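Engineer: Sharing work13.cif (mmCIF, C-alpha atoms and all ligand atoms) below.
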data_target
#
loop_
_atom_site.label_atom_id
_atom_site.label_comp_id
_atom_site.auth_asym_id
_atom_site.auth_seq_id
_atom_site.Cartn_x
_atom_site.Cartn_y
_atom_site.Cartn_z
CA MET A 4 90.50 113.63 99.31
CA ARG A 5 91.14 109.94 98.83
CA PRO A 6 87.91 107.92 98.63
CA ALA A 7 87.36 105.82 101.76
CA THR A 8 87.30 102.63 99.70
CA ALA A 9 90.66 103.21 98.00
CA PRO A 10 93.49 101.02 99.22
CA ARG A 11 96.06 102.80 101.31
CA PRO A 12 99.20 103.46 99.31
CA GLU A 13 102.10 101.40 100.52
CA PHE A 14 104.32 104.46 100.68
CA GLY A 15 102.26 105.98 103.45
CA TYR A 16 102.28 109.48 102.01
CA ALA A 17 99.25 111.51 102.93
CA GLY A 18 98.29 113.20 99.68
CA ALA A 19 96.10 112.30 96.75
CA PRO A 20 97.17 109.03 95.12
CA LEU A 21 97.90 109.16 91.44
CA PRO A 22 95.34 107.07 89.53
CA PHE A 23 97.91 104.60 88.27
CA HIS A 24 100.06 104.41 91.37
CA LYS A 25 101.25 100.92 92.21
CA PRO A 26 103.01 100.16 95.48
CA PHE A 27 106.73 99.79 95.17
CA ALA A 28 106.88 96.16 96.20
CA VAL A 29 109.97 94.92 94.44
CA THR A 30 112.47 93.05 96.58
CA MET A 31 115.41 95.39 96.85
CA PRO A 32 119.00 94.14 96.79
CA ALA A 33 120.21 93.74 100.36
CA SER A 34 122.69 96.56 99.92
CA VAL A 35 120.01 99.06 98.92
CA SER A 36 118.06 100.95 101.51
CA PRO A 37 114.44 99.82 101.75
CA GLU A 38 111.69 101.45 99.74
CA PRO A 39 112.97 104.99 99.53
CA ALA A 40 109.63 106.76 99.49
CA ARG A 41 108.23 104.99 102.51
CA ARG A 42 107.73 107.19 105.53
CA GLN A 43 109.89 106.65 108.55
CA PRO A 44 108.25 104.79 111.48
CA ASP A 45 107.97 108.07 113.35
CA GLY A 46 105.89 109.55 110.54
CA ALA A 47 108.66 111.68 109.10
CA ALA A 48 108.44 112.65 105.47
CA ALA A 49 109.61 110.54 102.54
CA ARG A 50 113.35 110.24 102.16
CA PRO A 51 115.29 110.92 98.99
CA MET A 52 116.31 107.84 97.08
CA GLN A 53 119.98 107.04 97.71
CA TRP A 54 122.09 105.76 94.86
CA ASP A 55 123.69 102.42 95.52
CA ALA A 56 126.31 100.49 93.58
CA ALA A 57 123.73 97.70 93.23
CA TYR A 58 121.98 99.89 90.65
CA ASP A 59 125.05 100.14 88.43
CA ILE A 60 124.83 98.20 85.20
CA GLY A 61 128.38 98.85 84.16
CA LEU A 62 127.71 101.04 81.14
CA SER A 63 128.29 104.70 81.90
CA ALA A 64 125.95 105.73 79.07
CA ILE A 65 123.10 104.16 81.05
CA ASP A 66 124.32 104.53 84.64
CA ASP A 67 124.99 108.28 84.34
CA GLN A 68 121.46 108.85 83.06
CA HIS A 69 119.96 106.70 85.82
CA ARG A 70 121.76 108.82 88.42
CA LYS A 71 120.40 111.94 86.76
CA LEU A 72 116.85 110.54 86.87
CA VAL A 73 117.19 109.78 90.58
CA GLU A 74 118.55 113.29 91.19
CA LEU A 75 115.58 114.79 89.38
CA ALA A 76 113.13 112.64 91.34
CA ASN A 77 114.74 113.66 94.63
CA ARG A 78 114.36 117.35 93.73
CA LEU A 79 110.61 116.87 94.11
CA LEU A 80 111.19 116.44 97.84
CA GLU A 81 112.62 119.96 98.04
CA HIS A 82 109.00 121.08 97.67
CA PRO A 83 106.97 118.14 99.06
CA GLU A 84 103.79 120.12 99.66
CA ALA A 85 103.92 122.11 96.42
CA GLY A 86 101.14 121.42 93.94
CA VAL A 87 101.83 119.70 90.67
CA ARG A 88 101.12 122.95 88.80
CA ASP A 89 103.52 125.05 90.86
CA GLU A 90 106.38 126.44 88.83
CA ALA A 91 109.16 124.50 90.58
CA VAL A 92 107.31 121.18 90.19
CA VAL A 93 106.41 121.88 86.56
CA ASP A 94 110.08 122.60 85.87
CA ILE A 95 111.21 119.31 87.44
CA LEU A 96 108.52 117.31 85.66
CA THR A 97 109.34 118.90 82.32
CA ARG A 98 113.00 118.01 82.72
CA LEU A 99 112.06 114.54 83.89
CA GLY A 100 109.80 113.87 80.89
CA LYS A 101 112.53 114.85 78.44
CA ALA A 102 115.16 112.88 80.35
CA LEU A 103 112.98 109.76 80.45
CA ALA A 104 112.17 109.86 76.74
CA ILE A 105 115.81 110.39 75.71
CA HIS A 106 117.07 107.77 78.15
CA PHE A 107 114.59 105.10 77.11
CA ARG A 108 115.29 105.46 73.40
CA GLY A 109 119.04 105.37 73.99
CA GLU A 110 118.77 102.36 76.26
CA GLU A 111 116.66 100.51 73.68
CA LEU A 112 119.31 101.17 71.04
CA ILE A 113 122.01 99.81 73.34
CA MET A 114 119.97 96.69 74.15
CA ARG A 115 119.53 95.97 70.43
CA GLU A 116 123.24 96.45 69.84
CA LEU A 117 123.97 94.03 72.68
CA GLY A 118 121.81 91.39 70.99
CA MET A 119 119.19 91.07 73.70
CA PRO A 120 116.60 88.42 72.64
CA ALA A 121 113.38 89.84 71.24
CA ARG A 122 111.12 88.52 73.99
CA ARG A 123 113.15 90.15 76.73
CA LEU A 124 113.68 93.33 74.73
CA ASP A 125 109.95 93.62 73.99
CA ALA A 126 109.04 93.28 77.67
CA HIS A 127 111.55 95.97 78.55
CA VAL A 128 110.31 98.33 75.84
CA ARG A 129 106.72 97.75 76.97
CA ASP A 130 107.66 98.93 80.44
CA HIS A 131 109.28 102.06 78.97
CA ASP A 132 106.08 102.72 77.05
CA ARG A 133 103.99 102.15 80.20
CA ILE A 134 106.04 104.75 82.06
CA LEU A 135 105.79 107.29 79.25
CA ASP A 136 102.03 106.69 79.02
CA GLN A 137 101.69 107.25 82.77
CA TYR A 138 103.85 110.36 82.54
CA ALA A 139 101.40 111.68 79.93
CA GLU A 140 98.45 110.73 82.16
CA LEU A 141 100.06 112.57 85.05
CA ASN A 142 100.31 115.72 82.96
CA ILE A 143 96.76 115.38 81.70
CA GLY A 144 95.56 114.96 85.28
CA ALA A 145 97.60 117.95 86.43
CA ALA A 146 96.21 120.12 83.65
CA ALA A 147 92.70 119.04 84.65
CA GLY A 148 93.33 120.21 88.21
CA ALA A 149 94.11 116.96 90.02
CA PRO A 150 95.36 117.86 93.52
CA TYR A 151 98.67 116.00 93.35
CA ARG A 152 101.47 117.21 95.59
CA ALA A 153 105.15 116.95 94.72
CA ALA A 154 105.46 114.22 97.38
CA ASP A 155 102.75 112.18 95.63
CA VAL A 156 104.51 112.58 92.32
CA PHE A 157 107.81 111.59 93.93
CA ALA A 158 106.37 108.25 95.01
CA GLN A 159 105.21 107.59 91.47
CA VAL A 160 108.50 108.66 89.91
CA ILE A 161 110.42 106.37 92.26
CA ASP A 162 108.19 103.57 91.07
CA TRP A 163 109.03 104.44 87.47
CA VAL A 164 112.75 104.81 88.05
CA GLY A 165 113.48 102.47 90.96
CA ARG A 166 111.18 99.59 90.12
CA HIS A 167 112.10 99.74 86.45
CA MET A 168 115.83 99.68 87.16
CA LEU A 169 115.50 96.64 89.39
CA GLU A 170 113.01 94.69 87.30
CA HIS A 171 114.36 95.44 83.84
CA ASP A 172 117.54 97.48 83.60
CA LEU A 173 119.70 95.22 85.75
CA GLY A 174 118.90 92.47 83.25
CA ILE A 175 121.03 94.31 80.67
CA LYS A 176 124.07 93.08 82.58
CA ASP A 177 123.35 89.56 81.26
CA TYR A 178 124.22 90.73 77.75
CA LEU A 179 127.36 92.75 78.37
CA PRO A 180 130.50 91.42 76.71
CA ALA A 181 132.64 89.43 79.13
FE FE A 201 115.01 100.58 80.94
#
Could you write out this structure as structure tokens?
Ligand SMILES: [Fe+2]

Structural biologist:
Amino acid sequence: MRPATAPRPEFGYAGAPLPFHKPFAVTMPASVSPEPARRQPDGAAARPMQWDAAYDIGLSAIDDQHRKLVELANRLLEHPEAGVRDEAVVDILTRLGKALAIHFRGEELIMRELGMPARRLDAHVRDHDRILDQYAELNIGAAAGAPYRAADVFAQVIDWVGRHMLEHDLGIKDYLPA
């Protein structure tokens, strides 16, 4: 159960909050549907995140992997009440962890090749490292018996994927050749 003093998660999901969960409070491009994991006003369950052209950077090597990450995140909502140690959720999280690690390293290579200034590159890499650290924390918590549901994990993964794309990845467009 969530302690009474804990702030209510902005997503409105009813399960146990992950210890590092931060509300998804980034201003979305107007063309993108609002916070995807937020419950509908009628209390319906979280909606899958819809891809939108506003997420496209213009490099298929990155965009294709972003779409794959969103697809993997959305698969968590096929089992919203499943526990984080259930086989289907473990399978999705295992695939997600590998996909994140491969994607981040590849994206960092591309950013270096594009000549992104060190200060901006470092901030971007730090956010990759934050996400991978939190992914590890999630697994440690799951192994220790934390009562996370797939829907809770979905909200966190959307923060990792959605927030990161908007706050960092779209900035790659500034360094693409004209
Ligand atoms: Fe990134």

Engineer: At a cut-off of 9 Å, using all atoms listed in the file, what residues contact His69 in chain A? Leave out same-chain residues fewer than 3 positions from it and give the result as an MDAnalysis selection string.

Structural biologist: chainID A and resid 58:59 65:66 72:74 106 164 168

Engineer: Please write as a count of residues only the list of polymer residues whose atoms come within 12 Å of (117.2, 103.0, 73.2), counting all atoms listed in the file and keeping to the coordinates of the file.

Structural biologist: 24

Engineer: Which is closer to ligand FE 201 (chain A) than all the others in A:Ala154, A:Leu173, A:Ala85, A:Ala147, using all atoms listed in the file?

Structural biologist: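 Distance minimum relative to ligand FE 201 (chain A) lands on A:Leu173.
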
Engineer: Just checking: using all atoms listed in the file, which residue out of A:Val156, A:Ala126, A:Ala149, A:Ile143 ends up closest to ligand FE 201 (chain A)?

Structural biologist: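 Using all atoms listed in the file, ligand FE 201 (chain A) sits closest to A:Ala126.
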
Engineer: Using all atoms listed in the file, pick whichever of A:Ala76, A:Ala158, A:Leu135, A:Ala153 has the shortest atom-to-atom distance to ligand FE 201 (chain A).

Structural biologist: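 Answer, going by the shortest atom-to-atom distance: A:Leu135.
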
Engineer: Counting only C-alpha atoms, find residues at most 10 Å from (112.8, 99.4, 88.7) (file frame) and give them as a list in words.

Structural biologist: Phe27, Val29, Met31, Tyr58, Asp130, Ile161, Asp162, Trp163, Val164, Gly165, Arg166, His167, Met168, Leu169, Glu170, His171, Asp172 and Leu173 of chain A

Engineer: With 5 Å on each side, where is the centre of the axis-aligned box around all listed atoms of range 81-99 of chain A, and how long are its edges in Å to one decimal, as lines of an AutoDock Vina configuration file?

Structural biologist:
center_x = 107.1
center_y = 120.5
center_z = 91.0
size_x = 21.9
size_y = 21.9
size_z = 27.3

Engineer: What does the distance between CA of Leu75 in chain A and CA of Arg98 in chain A come to in Å, to one decimal place?

Structural biologist: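 Separation of CA of Leu75 in chain A and CA of Arg98 in chain A: 7.8 Å.
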
Engineer: Measuring between all atoms listed in the file, which one of A:Asp136, A:Arg129, A:Leu80, A:Val160 shows the shortest distance to ligand FE 201 (chain A)?

Structural biologist: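 Selected residue with least distance to ligand FE 201 (chain A): A:Arg129.
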
Engineer: Please provide the set of residues having any atom within 12 Å of Pro180 in chain A, restricted to all atoms listed in the file, with same-chain residues fewer than 5 positions apart removed, written as a PDB file with C-alpha atoms, in the coordinates of the input.

Structural biologist:
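Contents of around_10.pdb, as written:
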ATOM      1  CA  GLY A  61     128.380  98.850  84.160  1.00  0.00           C
ATOM      2  CA  LEU A  62     127.710 101.040  81.140  1.00  0.00           C
ATOM      3  CA  GLU A 116     123.240  96.450  69.840  1.00  0.00           C
ATOM      4  CA  LEU A 117     123.970  94.030  72.680  1.00  0.00           C
ATOM      5  CA  GLY A 118     121.810  91.390  70.990  1.00  0.00           C
ATOM      6  CA  MET A 119     119.190  91.070  73.700  1.00  0.00           C
ATOM      7  CA  ILE A 175     121.030  94.310  80.670  1.00  0.00           C
TER       8      ILE A 175
END

Engineer: Restricting the calculation to all atoms listed in the file, which member of A:Ala57, A:Pro150, A:Leu141, A:Arg123 is positioned closest to ligand FE 201 (chain A)?

Structural biologist: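 Answer, going by the shortest atom-to-atom distance: A:Arg123.
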
Engineer: What gap, in Å, lies between CA of Val93 in chain A and CA of Met52 in chain A?

Structural biologist: 20.1 Å

Engineer: Measure the distance from CA of Arg50 in chain A to CA of Ala146 in chain A in Å and round it to one decimal.

Structural biologist: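 The value is 27.1 Å.
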
Engineer: Between A:Gly144, A:Gly174, A:Pro83, A:Pro51, which has the minimum distance to ligand FE 201 (chain A) (counting all atoms listed in the file)?

Structural biologist: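 Checking each candidate against ligand FE 201 (chain A), we get A:Gly174 as the closest.
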